[in-house]
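Quick look at coords_18.txt (compact mmCIF, C-alpha atoms):
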```txt
# COMPACT_ATOMS: atom_id res chain seq x y z
CA MET A 1154 -32.60 -248.98 -27.48
CA ARG A 1155 -29.37 -250.72 -26.46
CA PHE A 1156 -27.88 -250.09 -29.90
CA ALA A 1157 -28.93 -246.43 -29.90
CA GLY A 1158 -27.59 -245.88 -26.41
CA SER A 1159 -24.17 -247.32 -27.23
CA VAL A 1160 -23.74 -245.59 -30.61
CA PHE A 1161 -25.84 -242.40 -30.46
CA GLY A 1162 -26.35 -241.78 -26.73
CA GLU A 1163 -24.63 -238.40 -26.85
CA SER A 1164 -27.03 -237.19 -29.57
CA LEU A 1165 -30.18 -237.47 -27.46
CA LEU A 1166 -30.32 -233.79 -26.48
CA GLU A 1167 -29.82 -232.66 -30.09
CA ALA A 1168 -32.68 -234.96 -31.16
CA TRP A 1169 -34.88 -233.51 -28.39
CA LEU A 1170 -34.25 -230.00 -29.76
CA ASP A 1171 -35.21 -231.10 -33.28
CA PHE A 1172 -38.27 -232.99 -32.07
CA ASN A 1173 -39.55 -229.86 -30.30
CA GLN A 1174 -38.70 -227.64 -33.28
CA GLU A 1175 -37.10 -224.96 -31.12
CA LEU A 1176 -33.69 -224.03 -29.75
CA LEU A 1177 -34.80 -223.72 -26.12
CA PRO A 1178 -37.43 -226.41 -25.58
CA PRO A 1179 -38.73 -227.35 -22.14
CA LYS A 1180 -36.81 -230.07 -20.34
CA ILE A 1181 -38.03 -233.58 -21.04
CA ASP A 1182 -38.47 -234.01 -17.26
CA GLU A 1183 -41.38 -231.56 -17.50
CA PHE A 1184 -43.28 -234.09 -19.66
CA PRO A 1185 -42.83 -237.42 -17.85
CA ALA A 1186 -44.66 -239.50 -20.46
CA GLU A 1187 -43.15 -237.87 -23.53
CA GLU A 1188 -40.55 -240.61 -24.08
CA GLN A 1189 -43.24 -242.80 -25.64
CA ILE A 1190 -43.56 -240.43 -28.61
CA PHE A 1191 -40.07 -238.88 -28.58
CA MET A 1192 -38.00 -242.08 -28.37
CA PRO A 1193 -39.53 -243.60 -31.53
CA TYR A 1194 -38.77 -240.29 -33.27
CA PHE A 1195 -35.15 -240.58 -32.11
CA LEU A 1196 -34.85 -244.26 -33.09
CA PHE A 1197 -36.63 -244.23 -36.45
CA ASP A 1198 -36.88 -240.64 -37.78
CA TRP A 1199 -34.22 -238.31 -36.46
CA ASP A 1200 -31.70 -237.09 -39.03
CA PRO A 1201 -29.86 -233.84 -38.17
CA ASP A 1202 -28.90 -233.40 -41.83
CA ARG A 1203 -32.42 -233.78 -43.24
CA PRO A 1204 -33.64 -230.47 -44.74
CA ALA A 1205 -36.37 -228.73 -42.78
CA ARG A 1206 -38.62 -228.63 -45.86
CA SER A 1207 -38.28 -232.03 -47.44
CA ARG A 1208 -40.16 -232.78 -50.67
CA ALA A 1209 -39.98 -236.53 -50.10
CA LYS A 1210 -43.24 -238.43 -50.61
CA ARG A 1211 -42.00 -241.47 -48.69
CA ARG A 1212 -40.50 -241.46 -45.22
CA LYS A 1213 -36.83 -242.27 -44.87
CA PRO A 1214 -35.07 -243.92 -41.93
CA GLY A 1215 -33.22 -241.64 -39.53
CA ILE A 1216 -29.54 -242.03 -38.75
CA VAL A 1217 -30.11 -244.45 -35.83
CA ALA A 1218 -32.37 -246.71 -37.93
CA GLN A 1219 -29.98 -246.53 -40.90
CA ALA A 1220 -27.03 -247.63 -38.76
CA PHE A 1221 -29.09 -250.39 -37.15
CA LEU A 1222 -30.24 -251.70 -40.54
CA GLU A 1223 -26.65 -251.80 -41.76
CA LYS A 1224 -25.27 -253.63 -38.72
CA ARG A 1225 -28.14 -255.66 -37.24
CA ALA A 1226 -30.83 -256.21 -39.90
CA ALA A 1227 -29.63 -259.74 -40.66
CA ARG A 1228 -30.40 -260.79 -37.07
CA LEU A 1229 -34.08 -259.85 -37.30
CA GLY A 1230 -36.87 -262.34 -37.83
CA GLU A 1231 -39.63 -261.77 -40.39
CA LEU A 1232 -42.07 -260.23 -37.92
CA GLU A 1233 -39.37 -258.05 -36.31
CA ARG A 1234 -38.32 -256.71 -39.71
CA ALA A 1235 -41.97 -256.01 -40.61
CA ILE A 1236 -42.48 -254.03 -37.40
CA LEU A 1237 -39.24 -252.11 -37.99
CA ASP A 1238 -40.27 -251.22 -41.54
CA LEU A 1239 -43.71 -250.05 -40.40
CA SER A 1240 -42.12 -247.92 -37.66
CA ILE A 1241 -39.88 -246.26 -40.24
CA TYR A 1242 -42.11 -245.83 -43.28
CA THR A 1243 -45.68 -245.36 -41.95
CA PRO A 1244 -46.55 -241.64 -41.60
CA LEU A 1245 -47.99 -240.30 -38.37
CA SER A 1246 -51.40 -238.64 -38.33
CA PHE A 1247 -54.12 -237.42 -36.01
CA TYR A 1248 -56.94 -239.81 -35.18
CA GLU A 1249 -60.28 -238.95 -33.64
CA ILE A 1250 -61.47 -241.49 -31.09
CA LEU A 1251 -64.90 -242.71 -32.21
CA GLN A 1252 -65.28 -245.53 -29.68
CA CYS A 1253 -63.11 -246.73 -26.82
CA GLU A 1254 -63.07 -249.96 -24.85
CA PRO A 1255 -60.66 -249.25 -21.98
CA GLY A 1256 -58.00 -251.91 -21.64
CA PHE A 1257 -58.67 -253.39 -25.06
CA GLY A 1258 -58.73 -250.93 -27.94
CA MET A 1259 -60.32 -248.09 -29.89
CA ARG A 1260 -62.02 -247.26 -33.14
CA LEU A 1261 -60.23 -244.34 -34.77
CA ARG A 1262 -60.85 -242.04 -37.73
CA ASP A 1263 -57.95 -240.37 -39.50
CA VAL A 1264 -58.71 -236.63 -39.32
CA PHE A 1265 -56.81 -235.99 -42.58
CA LEU A 1266 -57.61 -239.03 -44.73
CA GLY A 1267 -61.03 -239.93 -43.30
CA THR A 1268 -60.26 -243.66 -43.03
CA GLU A 1269 -61.48 -245.61 -39.99
CA VAL A 1270 -59.66 -248.44 -38.25
CA GLU A 1271 -60.00 -250.70 -35.21
CA VAL A 1272 -56.80 -250.80 -33.17
CA GLU A 1273 -55.76 -252.99 -30.29
CA GLU A 1274 -54.28 -250.80 -27.56
CA HIS A 1275 -54.33 -252.02 -23.97
CA THR A 1276 -52.58 -249.35 -21.89
CA GLY A 1277 -53.31 -246.18 -23.87
CA SER A 1278 -57.03 -246.92 -24.22
CA GLN A 1279 -57.48 -246.83 -20.45
CA SER A 1280 -57.12 -243.04 -20.36
CA MET A 1281 -58.78 -242.14 -23.66
CA GLN A 1282 -62.29 -240.77 -24.21
CA PRO A 1283 -64.48 -240.64 -27.34
CA GLY A 1284 -64.12 -237.26 -29.01
CA GLY A 1285 -60.46 -236.93 -28.06
CA ILE A 1286 -57.81 -236.76 -30.79
CA VAL A 1287 -54.54 -238.69 -30.65
CA TYR A 1288 -51.27 -238.16 -32.49
CA ALA A 1289 -50.21 -241.64 -33.50
CA GLN A 1290 -48.66 -244.05 -35.99
CA LEU A 1291 -50.46 -247.23 -37.04
CA CYS A 1292 -48.79 -250.63 -37.18
CA ARG A 1293 -50.86 -252.73 -39.62
CA LEU A 1294 -49.86 -256.35 -39.16
CA PRO A 1295 -51.65 -259.28 -40.88
CA GLU A 1296 -53.69 -260.28 -37.81
CA VAL A 1297 -54.03 -257.01 -35.92
CA THR A 1298 -53.65 -253.25 -36.19
CA ALA A 1299 -51.85 -251.73 -33.23
CA LEU A 1300 -50.19 -248.37 -32.57
CA SER A 1301 -46.46 -248.12 -33.14
CA ARG A 1302 -46.52 -244.68 -31.51
CA LEU A 1303 -49.06 -242.83 -29.42
CA GLY A 1304 -48.69 -239.30 -28.12
CA PRO A 1305 -49.26 -239.47 -24.35
CA TYR A 1306 -51.44 -236.34 -24.31
CA ALA A 1307 -54.68 -236.62 -26.28
CA LEU A 1308 -55.94 -233.37 -27.78
CA ARG A 1309 -59.29 -232.13 -26.56
CA PRO A 1310 -62.14 -231.94 -29.10
CA ASN A 1311 -61.90 -228.15 -29.45
CA ARG A 1312 -58.46 -228.54 -31.10
CA LYS A 1313 -60.23 -229.97 -34.15
CA ALA A 1314 -60.46 -226.49 -35.70
CA GLU A 1315 -56.67 -226.14 -36.16
CA LEU A 1316 -56.45 -229.62 -37.70
CA VAL A 1317 -59.31 -228.97 -40.11
CA GLU A 1318 -57.65 -225.71 -41.17
CA LEU A 1319 -54.35 -227.52 -41.84
CA ARG A 1320 -56.23 -230.24 -43.73
CA ALA A 1321 -57.89 -227.61 -45.93
CA LEU A 1322 -54.43 -226.19 -46.77
CA MET A 1323 -53.12 -229.65 -47.62
CA ARG A 1324 -56.17 -230.37 -49.78
CA ARG A 1325 -55.72 -227.15 -51.75
CA LYS A 1326 -52.11 -228.06 -52.50
CA ALA A 1327 -53.09 -231.60 -53.56
CA ALA A 1328 -55.91 -230.24 -55.75
CA LYS A 1329 -53.39 -228.16 -57.71
CA GLN A 1330 -51.86 -231.49 -58.71
CA ASN A 1331 -55.30 -232.92 -59.58
CA ARG A 1332 -55.26 -235.55 -56.86
CA GLU A 1333 -56.87 -236.44 -53.55
CA LEU A 1334 -55.15 -236.13 -50.20
CA GLY A 1335 -53.07 -239.23 -49.43
CA GLU A 1336 -50.35 -240.66 -47.19
CA ALA A 1337 -47.69 -238.86 -49.23
CA ASP A 1338 -49.15 -235.56 -47.98
CA LEU A 1339 -48.79 -236.71 -44.38
CA VAL A 1340 -45.09 -237.26 -45.10
CA LEU A 1341 -44.75 -233.93 -46.88
CA HIS A 1342 -46.34 -232.04 -43.96
CA GLU A 1343 -45.10 -234.20 -41.08
CA GLU A 1344 -43.30 -231.29 -39.38
CA LYS A 1345 -46.52 -229.25 -39.40
CA LEU A 1346 -48.44 -232.18 -37.96
CA ARG A 1347 -45.94 -232.61 -35.14
CA ALA A 1348 -46.09 -228.85 -34.50
CA GLN A 1349 -49.85 -229.21 -33.94
CA TYR A 1350 -49.21 -231.90 -31.32
CA LEU A 1351 -46.48 -229.85 -29.63
CA ASP A 1352 -48.67 -226.73 -29.48
CA ALA A 1353 -51.49 -228.72 -27.88
CA ARG A 1354 -49.10 -230.38 -25.43
CA ASP A 1355 -47.56 -227.07 -24.36
CA GLU A 1356 -51.00 -225.52 -23.96
CA MET A 1357 -52.02 -228.34 -21.61
CA PHE A 1358 -49.08 -227.61 -19.31
CA ALA A 1359 -49.26 -223.83 -19.54
CA PRO A 1360 -50.59 -222.01 -16.45
CA VAL A 1361 -54.30 -221.28 -16.65
CA LYS A 1362 -54.86 -217.63 -17.58
CA LEU A 1363 -58.31 -216.31 -16.75
CA ALA A 1364 -59.82 -213.15 -18.17
CA ASN A 1365 -62.90 -211.02 -17.55
CA THR A 1366 -65.61 -210.59 -20.16
CA ASP A 1367 -63.70 -207.70 -21.74
CA GLY A 1368 -60.78 -210.07 -22.38
CA ASP A 1369 -58.52 -208.43 -19.78
CA PRO A 1370 -56.28 -210.74 -17.70
CA LEU A 1371 -57.59 -211.05 -14.16
CA HIS A 1372 -55.59 -208.88 -11.74
CA PHE A 1373 -57.56 -207.79 -8.72
CA HIS A 1374 -57.23 -204.20 -7.50
CA THR A 1375 -58.62 -202.73 -4.29
CA MET A 1376 -58.28 -198.92 -4.11
CA ARG A 1377 -58.93 -196.84 -1.00
CA TYR A 1378 -59.88 -193.13 -1.09
CA GLU A 1379 -60.70 -190.55 1.52
CA VAL A 1380 -63.66 -188.43 0.38
CA GLY A 1381 -65.20 -185.15 1.54
CA SER A 1382 -68.49 -186.75 2.56
CA ALA A 1383 -70.52 -189.87 1.78
CA GLN A 1384 -73.28 -187.83 0.12
CA VAL A 1385 -70.93 -185.87 -2.14
CA ALA A 1386 -69.18 -189.06 -3.22
CA PHE A 1387 -72.49 -190.81 -3.85
CA ASP A 1388 -73.94 -187.96 -5.94
CA ALA A 1389 -70.80 -187.79 -8.08
CA LEU A 1390 -70.36 -191.55 -8.63
CA ALA A 1391 -73.95 -192.84 -8.82
CA PRO A 1392 -74.16 -192.16 -12.62
CA LEU A 1393 -71.47 -194.83 -13.11
CA SER A 1394 -74.14 -197.45 -12.39
CA TRP A 1395 -75.74 -197.63 -15.83
CA GLY A 1396 -79.43 -198.47 -15.77
CA ALA A 1397 -79.95 -197.65 -12.07
CA THR A 1398 -81.44 -194.48 -10.61
CA LYS A 1399 -80.15 -192.82 -7.45
CA GLU A 1400 -83.37 -193.80 -5.73
CA GLU A 1401 -82.79 -197.48 -6.55
CA LEU A 1402 -79.20 -197.33 -5.32
CA LEU A 1403 -80.32 -195.73 -2.06
CA GLU A 1404 -82.81 -198.51 -1.30
CA ASP A 1405 -80.06 -200.56 0.37
CA ALA A 1406 -78.11 -197.59 1.74
CA GLU A 1407 -77.65 -196.88 5.45
CA MET A 1408 -78.47 -193.49 6.89
CA ASN A 1409 -77.29 -191.61 9.98
CA ALA A 1410 -79.70 -190.55 12.71
CA ASP A 1411 -79.88 -187.05 11.23
CA GLY A 1412 -80.92 -188.47 7.83
CA SER A 1413 -77.56 -187.99 6.13
CA LEU A 1414 -76.01 -190.79 4.11
CA ARG A 1415 -73.68 -193.12 6.02
CA SER A 1416 -72.93 -195.95 3.58
CA ALA A 1417 -73.91 -197.03 0.09
CA HIS A 1418 -72.90 -199.55 -2.56
CA ILE A 1419 -72.64 -198.61 -6.25
CA GLU A 1420 -72.19 -201.21 -8.98
CA TRP A 1421 -70.05 -199.77 -11.76
CA ARG A 1422 -71.90 -200.94 -14.87
CA LYS A 1423 -71.96 -200.37 -18.61
CA PRO A 1424 -74.60 -201.35 -21.20
CA GLY A 1425 -74.24 -204.66 -23.07
CA ASN A 1426 -71.47 -207.26 -22.94
CA ALA A 1427 -68.82 -208.04 -25.54
CA MET A 1428 -68.81 -211.77 -24.77
CA HIS A 1429 -72.45 -212.51 -23.89
CA LYS A 1430 -74.85 -210.81 -26.29
CA SER A 1431 -77.90 -211.65 -24.15
CA TRP A 1432 -76.59 -209.60 -21.18
CA ASP A 1433 -78.06 -206.11 -21.07
CA ASN A 1434 -75.20 -204.83 -18.89
CA THR A 1435 -71.71 -205.65 -17.59
CA ILE A 1436 -70.61 -205.11 -13.99
CA LEU A 1437 -67.14 -203.56 -14.19
CA GLY A 1438 -66.50 -203.13 -10.46
CA HIS A 1439 -67.87 -202.24 -7.05
CA LEU A 1440 -67.70 -198.93 -5.17
CA LYS A 1441 -68.40 -199.01 -1.42
CA ILE A 1442 -68.88 -195.75 0.49
CA GLU A 1443 -68.46 -195.93 4.27
CA GLY A 1444 -68.54 -192.47 5.83
CA ARG A 1445 -65.56 -190.64 4.41
CA THR A 1446 -63.97 -193.81 3.02
CA LEU A 1447 -64.43 -195.03 -0.53
CA ILE A 1448 -63.33 -198.60 -1.39
CA VAL A 1449 -63.17 -199.55 -5.10
CA GLU A 1450 -62.78 -203.17 -6.27
CA VAL A 1451 -62.10 -204.16 -9.90
CA ASN A 1452 -60.63 -207.28 -11.53
CA SER A 1453 -58.16 -205.93 -14.10
CA ALA A 1454 -55.44 -203.33 -14.44
CA ARG A 1455 -57.26 -201.64 -17.33
CA ARG A 1456 -60.46 -201.25 -15.32
CA ALA A 1457 -58.43 -199.96 -12.35
CA GLU A 1458 -56.91 -197.21 -14.49
CA LYS A 1459 -60.27 -196.30 -15.98
CA ILE A 1460 -62.15 -196.04 -12.67
CA ARG A 1461 -59.31 -193.99 -11.18
CA GLN A 1462 -59.68 -191.51 -14.03
CA GLU A 1463 -63.45 -191.39 -13.47
CA ILE A 1464 -63.07 -190.73 -9.74
CA GLU A 1465 -60.54 -187.99 -10.30
CA LYS A 1466 -62.73 -186.40 -12.99
CA ARG A 1467 -65.91 -186.51 -10.89
CA LEU A 1468 -64.55 -185.75 -7.41
CA GLY A 1469 -61.28 -183.95 -8.07
CA PHE A 1470 -59.56 -182.82 -4.86
CA LEU A 1471 -62.55 -184.14 -2.85
CA ALA A 1472 -61.13 -187.67 -3.25
CA VAL A 1473 -57.61 -188.40 -1.96
CA HIS A 1474 -56.08 -191.70 -3.04
CA LYS A 1475 -54.75 -193.44 0.08
CA GLY A 1476 -53.45 -196.65 -1.48
CA THR A 1477 -54.03 -199.62 -3.77
CA SER A 1478 -53.55 -203.31 -3.03
CA THR A 1479 -53.39 -205.89 -5.81
CA GLN A 1480 -53.70 -209.65 -6.09
CA SER A 1481 -52.52 -211.53 -9.15
CA GLN A 1482 -54.39 -214.48 -10.59
CA ASP A 1483 -51.79 -216.90 -9.19
CA GLU A 1484 -52.06 -215.34 -5.73
CA MET A 1485 -55.84 -215.54 -5.91
CA MET A 1486 -55.74 -219.24 -6.88
CA LYS A 1487 -53.34 -220.00 -4.01
CA SER A 1488 -55.61 -218.14 -1.59
CA ILE A 1489 -58.63 -220.12 -2.79
CA GLU A 1490 -56.69 -223.38 -2.39
CA ARG A 1491 -55.64 -222.43 1.15
CA ARG A 1492 -59.26 -221.73 2.09
CA ARG A 1493 -60.34 -225.02 0.47
CA LEU A 1494 -57.76 -226.97 2.47
CA ALA A 1495 -58.76 -225.17 5.65
CA ARG A 1496 -62.40 -226.12 5.10
CA SER A 1497 -61.45 -229.73 4.37
CA HIS A 1498 -59.96 -230.04 7.88
CA VAL A 1499 -63.13 -228.82 9.59
CA ARG A 1500 -65.03 -231.81 10.91
CA ASP A 1501 -68.79 -231.97 11.20
CA GLU A 1502 -69.14 -229.26 8.58
CA PRO A 1503 -72.87 -229.03 7.78
CA GLU A 1504 -73.90 -230.21 4.35
CA LEU A 1505 -75.22 -227.60 1.96
CA PRO A 1506 -79.01 -227.62 1.71
CA GLU A 1507 -80.67 -228.79 -1.49
CA SER A 1508 -80.90 -226.06 -4.10
CA ASP A 1509 -84.14 -224.17 -4.36
CA PRO A 1510 -86.20 -225.72 -7.21
CA GLU A 1511 -87.06 -222.24 -8.41
CA ALA A 1512 -83.37 -221.34 -8.48
CA LYS A 1513 -82.68 -224.49 -10.50
CA LYS A 1514 -85.25 -223.39 -13.06
CA ILE A 1515 -83.66 -219.95 -13.31
CA VAL A 1516 -80.17 -221.39 -13.83
CA ALA A 1517 -81.47 -223.92 -16.36
CA GLU A 1518 -83.12 -221.09 -18.30
CA MET A 1519 -79.88 -219.09 -18.19
CA LEU A 1520 -77.98 -222.08 -19.63
CA ARG A 1521 -80.57 -222.49 -22.37
CA GLN A 1522 -80.39 -218.77 -23.20
CA HIS A 1523 -76.58 -218.95 -23.30
CA ALA A 1524 -76.82 -221.89 -25.71
CA GLU A 1525 -79.26 -220.00 -27.94
CA ASP A 1526 -76.93 -217.00 -28.00
CA TRP A 1527 -73.90 -219.21 -28.77
CA VAL A 1528 -75.53 -220.54 -31.94
CA ASP A 1529 -75.47 -217.01 -33.40
CA THR A 1530 -72.20 -215.80 -31.82
CA ARG A 1531 -69.18 -215.21 -34.04
CA ILE A 1532 -66.49 -217.71 -32.96
CA PRO A 1533 -62.75 -217.19 -33.66
CA ALA A 1534 -62.28 -220.96 -34.24
CA LEU A 1535 -64.87 -220.66 -37.03
CA ARG A 1536 -62.97 -217.75 -38.61
CA GLY A 1537 -65.49 -215.24 -37.31
CA ARG A 1538 -68.54 -217.18 -38.46
CA THR A 1539 -71.41 -218.20 -36.21
CA PRO A 1540 -72.07 -221.92 -35.61
CA ARG A 1541 -75.34 -221.52 -37.55
CA GLU A 1542 -73.37 -220.19 -40.52
CA ALA A 1543 -70.51 -222.67 -40.21
CA VAL A 1544 -72.64 -225.83 -40.42
CA ALA A 1545 -73.44 -224.93 -44.03
CA ASP A 1546 -70.19 -226.63 -45.17
CA ALA A 1547 -68.51 -229.92 -44.24
CA ASP A 1548 -65.41 -228.44 -42.59
CA GLY A 1549 -67.51 -226.01 -40.58
CA ARG A 1550 -69.81 -228.81 -39.39
CA GLU A 1551 -66.79 -230.82 -38.28
CA ILE A 1552 -65.36 -227.93 -36.27
CA VAL A 1553 -68.74 -227.13 -34.69
CA GLU A 1554 -69.13 -230.79 -33.71
CA GLY A 1555 -65.69 -230.64 -32.09
CA LEU A 1556 -66.72 -227.56 -30.10
CA LEU A 1557 -69.93 -229.31 -28.99
CA LYS A 1558 -68.00 -232.40 -27.89
CA GLU A 1559 -65.72 -230.12 -25.87
CA TRP A 1560 -68.82 -228.53 -24.32
CA GLU A 1561 -70.13 -231.97 -23.37
CA ARG A 1562 -66.81 -232.98 -21.85
CA ARG A 1563 -66.59 -229.81 -19.76
CA ASN A 1564 -70.12 -230.44 -18.53
CA ARG A 1565 -69.18 -233.98 -17.49
CA GLU A 1566 -66.07 -232.70 -15.70
CA SER A 1567 -67.98 -229.93 -13.90
CA SER A 1568 -68.73 -230.28 -10.18
CA ASP A 1569 -71.99 -228.38 -10.73
CA PRO A 1570 -74.89 -230.83 -11.23
CA LEU A 1571 -76.81 -228.17 -13.16
CA MET A 1572 -74.00 -227.92 -15.69
CA ARG A 1573 -73.87 -231.71 -15.98
CA SER A 1574 -77.61 -231.83 -16.61
CA PHE A 1575 -77.55 -229.55 -19.67
CA ASP A 1576 -78.08 -231.62 -22.84
CA VAL A 1577 -75.85 -230.33 -25.64
CA ASN A 1578 -77.94 -232.39 -28.08
CA THR A 1579 -80.44 -229.54 -27.83
CA VAL A 1580 -77.90 -227.32 -29.60
CA ARG A 1581 -77.28 -230.03 -32.20
CA LYS A 1582 -81.01 -230.07 -33.01
CA TRP A 1583 -81.06 -226.30 -33.45
CA LEU A 1584 -78.15 -226.61 -35.88
CA GLY A 1585 -79.55 -229.61 -37.74
CA LEU A 1586 -76.65 -231.87 -36.73
```

As structure tokens, what does this structure read like?
Amino acid sequence: MRFAGSVFGESLLEAWLDFNQELLPPKIDEFPAEEQIFMPYFLFDWDPDRPARSRAKRRKPGIVAQAFLEKRAARLGELERAILDLSIYTPLSFYEILQCEPGFGMRLRDVFLGTEVEVEEHTGSQSMQPGGIVYAQLCRLPEVTALSRLGPYALRPNRKAELVELRALMRRKAAKQNRELGEADLVLHEEKLRAQYLDARDEMFAPVKLANTDGDPLHFHTMRYEVGSAQVAFDALAPLSWGATKEELLEDAEMNADGSLRSAHIEWRKPGNAMHKSWDNTILGHLKIEGRTLIVEVNSARRAEKIRQEIEKRLGFLAVHKGTSTQSQDEMMKSIERRRLARSHVRDEPELPESDPEAKKIVAEMLRQHAEDWVDTRIPALRGRTPREAVADADGREIVEGLLKEWERRNRESSDPLMRSFDVNTVRKWLGL
């Protein structure tokens, strides 16, 4: 580090650009732990003159390492030189965490080569979980295998699909040369491997973008109309509630003393659901009639435009648009956080009562039904195949297992005890895993 700082200190930004494989990368300050994977790249790998598509089958030292070897190599002891050589010539790969003993080490499996190894890793192992995938470089010394480099952000299990797809590509290219995948392929495709890590890292720090079941980004719209009368509005808009009769919608309505309609609620619904095949309908929005006022609430811009067209078509000049208020996803999240903080300052807040056992059974059945549907749902990560279809081949089984491990992790992280209680092994049994 001292040598690099004195000789190549002004090149650090250029190396950061090359490491990130883009001209306008995020600032390194945005990734506080990234030095532990970037600095070894700078010290041992970085060469601004190296072609982007190298055909080399063995790694070569970068310009910092080359200069250091020329000027300082004679000062190194045997062990120091061995560690330096391993840091230069050992290819990086992705390793799935099979077992983890926090504070001591991990058992890892190379996602690309299939080899397994026990590594001693004190600090990094404290934050790792089985099923996670790390971007790392092994340091195989005579008495111990450690990690020369370890990406600070472990990939979640559901990222396995992209790695398996890249592995399949690499295998096809190796097969054309009548050979098995080996370390030379990790060198040949090292830029693609690092791109996988960078994509996963950037995704972790990207703002969460939620969507409704139609895939539309959440953007809440509240529209206010003035209507001719509550009854006229109800008669015109009631057909928007698929599967419900007017009589059913009027069961919860409020009437005036003279028997005329005062207020009513209409769920805007359509048959089926694009995301959940077991749902017989999808609620698209809510229409609330209060006297001569109609309030419409939907959760996306596309639904807002569609319901506005429906209202204008069905009511025409009998509905006058008085205004629309919107709330973005970020604004909604901030509002929820403000309410959460406000509640946290309320002392003596009563505890929530225990859930109704019958309600627990209903939710448990819904989770089981969702799991059954998932088994036969076409998944983009499986290239449009269902999990039941995908487990017929080795790569498909590996991706499905990654998705199931992600499911288990999300259940563990959930604050809902019912979610935590669902046993994903049930799905494994259905799939013969």

**Report entry** Spatial neighbours of Glu1518 of chain A, 12 Å, only C-alpha atoms, chain gap at least 5 places, as a PyMOL selection string
**Finding:** chain A and resi 1511-1513+1523-1525+1571-1572+1575

Report task. For atom CA of Val1451 of chain A and atom CA of Leu1437 of chain A, quote the distance in Å rounded to one decimal. Result ->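 Interatomic distance, atom CA of Val1451 of chain A to atom CA of Leu1437 of chain A: 6.6 Å.
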
Quick one: everything within 7 Å of segment 1303-1315 of chain A, counting only C-alpha atoms, minus sequence neighbours fewer than 5 positions away in the same chain. Send it as an mmCIF file with C-alpha atoms, in the coordinates of the input.
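Output (part03.cif):
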```cif
data_model
loop_
_atom_site.group_PDB
_atom_site.id
_atom_site.type_symbol
_atom_site.label_atom_id
_atom_site.label_comp_id
_atom_site.auth_asym_id
_atom_site.auth_seq_id
_atom_site.Cartn_x
_atom_site.Cartn_y
_atom_site.Cartn_z
ATOM 1 C CA ALA A 1186 -44.660 -239.500 -20.460
ATOM 2 C CA GLU A 1187 -43.150 -237.870 -23.530
ATOM 3 C CA GLN A 1189 -43.240 -242.800 -25.640
ATOM 4 C CA ILE A 1190 -43.560 -240.430 -28.610
ATOM 5 C CA GLY A 1284 -64.120 -237.260 -29.010
ATOM 6 C CA GLY A 1285 -60.460 -236.930 -28.060
ATOM 7 C CA ILE A 1286 -57.810 -236.760 -30.790
ATOM 8 C CA VAL A 1287 -54.540 -238.690 -30.650
ATOM 9 C CA TYR A 1288 -51.270 -238.160 -32.490
ATOM 10 C CA ALA A 1289 -50.210 -241.640 -33.500
ATOM 11 C CA GLN A 1290 -48.660 -244.050 -35.990
ATOM 12 C CA ALA A 1353 -51.490 -228.720 -27.880
ATOM 13 C CA ARG A 1354 -49.100 -230.380 -25.430
ATOM 14 C CA ALA A 1534 -62.280 -220.960 -34.240
ATOM 15 C CA ILE A 1552 -65.360 -227.930 -36.270
ATOM 16 C CA GLY A 1555 -65.690 -230.640 -32.090
ATOM 17 C CA LEU A 1556 -66.720 -227.560 -30.100
ATOM 18 C CA LYS A 1558 -68.000 -232.400 -27.890
ATOM 19 C CA GLU A 1559 -65.720 -230.120 -25.870
#
```

Requested in this report: Please provide the set of residues having any atom within 12 Å of Arg1573 of chain A, restricted to all atoms listed in the file, with same-chain residues fewer than 4 positions apart removed, written as an MDAnalysis selection string.
Outcome: chainID A and resid 1517 1520 1560:1569 1577

File dump, residues just selected, C-alpha atoms, as a JSON list (two decimals), in the frame of the given file:
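Result saved to selection_6.json:
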```
[["chain", "number", "residue", "atom", "x", "y", "z"],
["A", 1517, "ALA", "CA", -81.47, -223.92, -16.36],
["A", 1520, "LEU", "CA", -77.98, -222.08, -19.63],
["A", 1560, "TRP", "CA", -68.82, -228.53, -24.32],
["A", 1561, "GLU", "CA", -70.13, -231.97, -23.37],
["A", 1562, "ARG", "CA", -66.81, -232.98, -21.85],
["A", 1563, "ARG", "CA", -66.59, -229.81, -19.76],
["A", 1564, "ASN", "CA", -70.12, -230.44, -18.53],
["A", 1565, "ARG", "CA", -69.18, -233.98, -17.49],
["A", 1566, "GLU", "CA", -66.07, -232.70, -15.70],
["A", 1567, "SER", "CA", -67.98, -229.93, -13.90],
["A", 1568, "SER", "CA", -68.73, -230.28, -10.18],
["A", 1569, "ASP", "CA", -71.99, -228.38, -10.73],
["A", 1577, "VAL", "CA", -75.85, -230.33, -25.64]]
```

If we count only C-alpha atoms and set the cut-off at 8 Å, which residues sit around Arg1211 of chain A, ignoring sequence neighbours fewer than 2 positions away in its own chain? Please answer as a PDB file with C-alpha atoms, in the coordinates of the input.
```
ATOM      1  CA  ALA A1209     -39.980-236.530 -50.100  1.00  0.00           C
ATOM      2  CA  LYS A1213     -36.830-242.270 -44.870  1.00  0.00           C
ATOM      3  CA  TYR A1242     -42.110-245.830 -43.280  1.00  0.00           C
ATOM      4  CA  ALA A1337     -47.690-238.860 -49.230  1.00  0.00           C
ATOM      5  CA  VAL A1340     -45.090-237.260 -45.100  1.00  0.00           C
TER       6      VAL A1340
END
```

**Report entry** Nearest-residue call for Ala1391 of chain A, choices A:Glu1407, A:Arg1206, A:Arg1467, A:Asp1352, using all atoms listed in the file
**Finding:**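 For Ala1391 of chain A, the nearest of the candidates is A:Arg1467.
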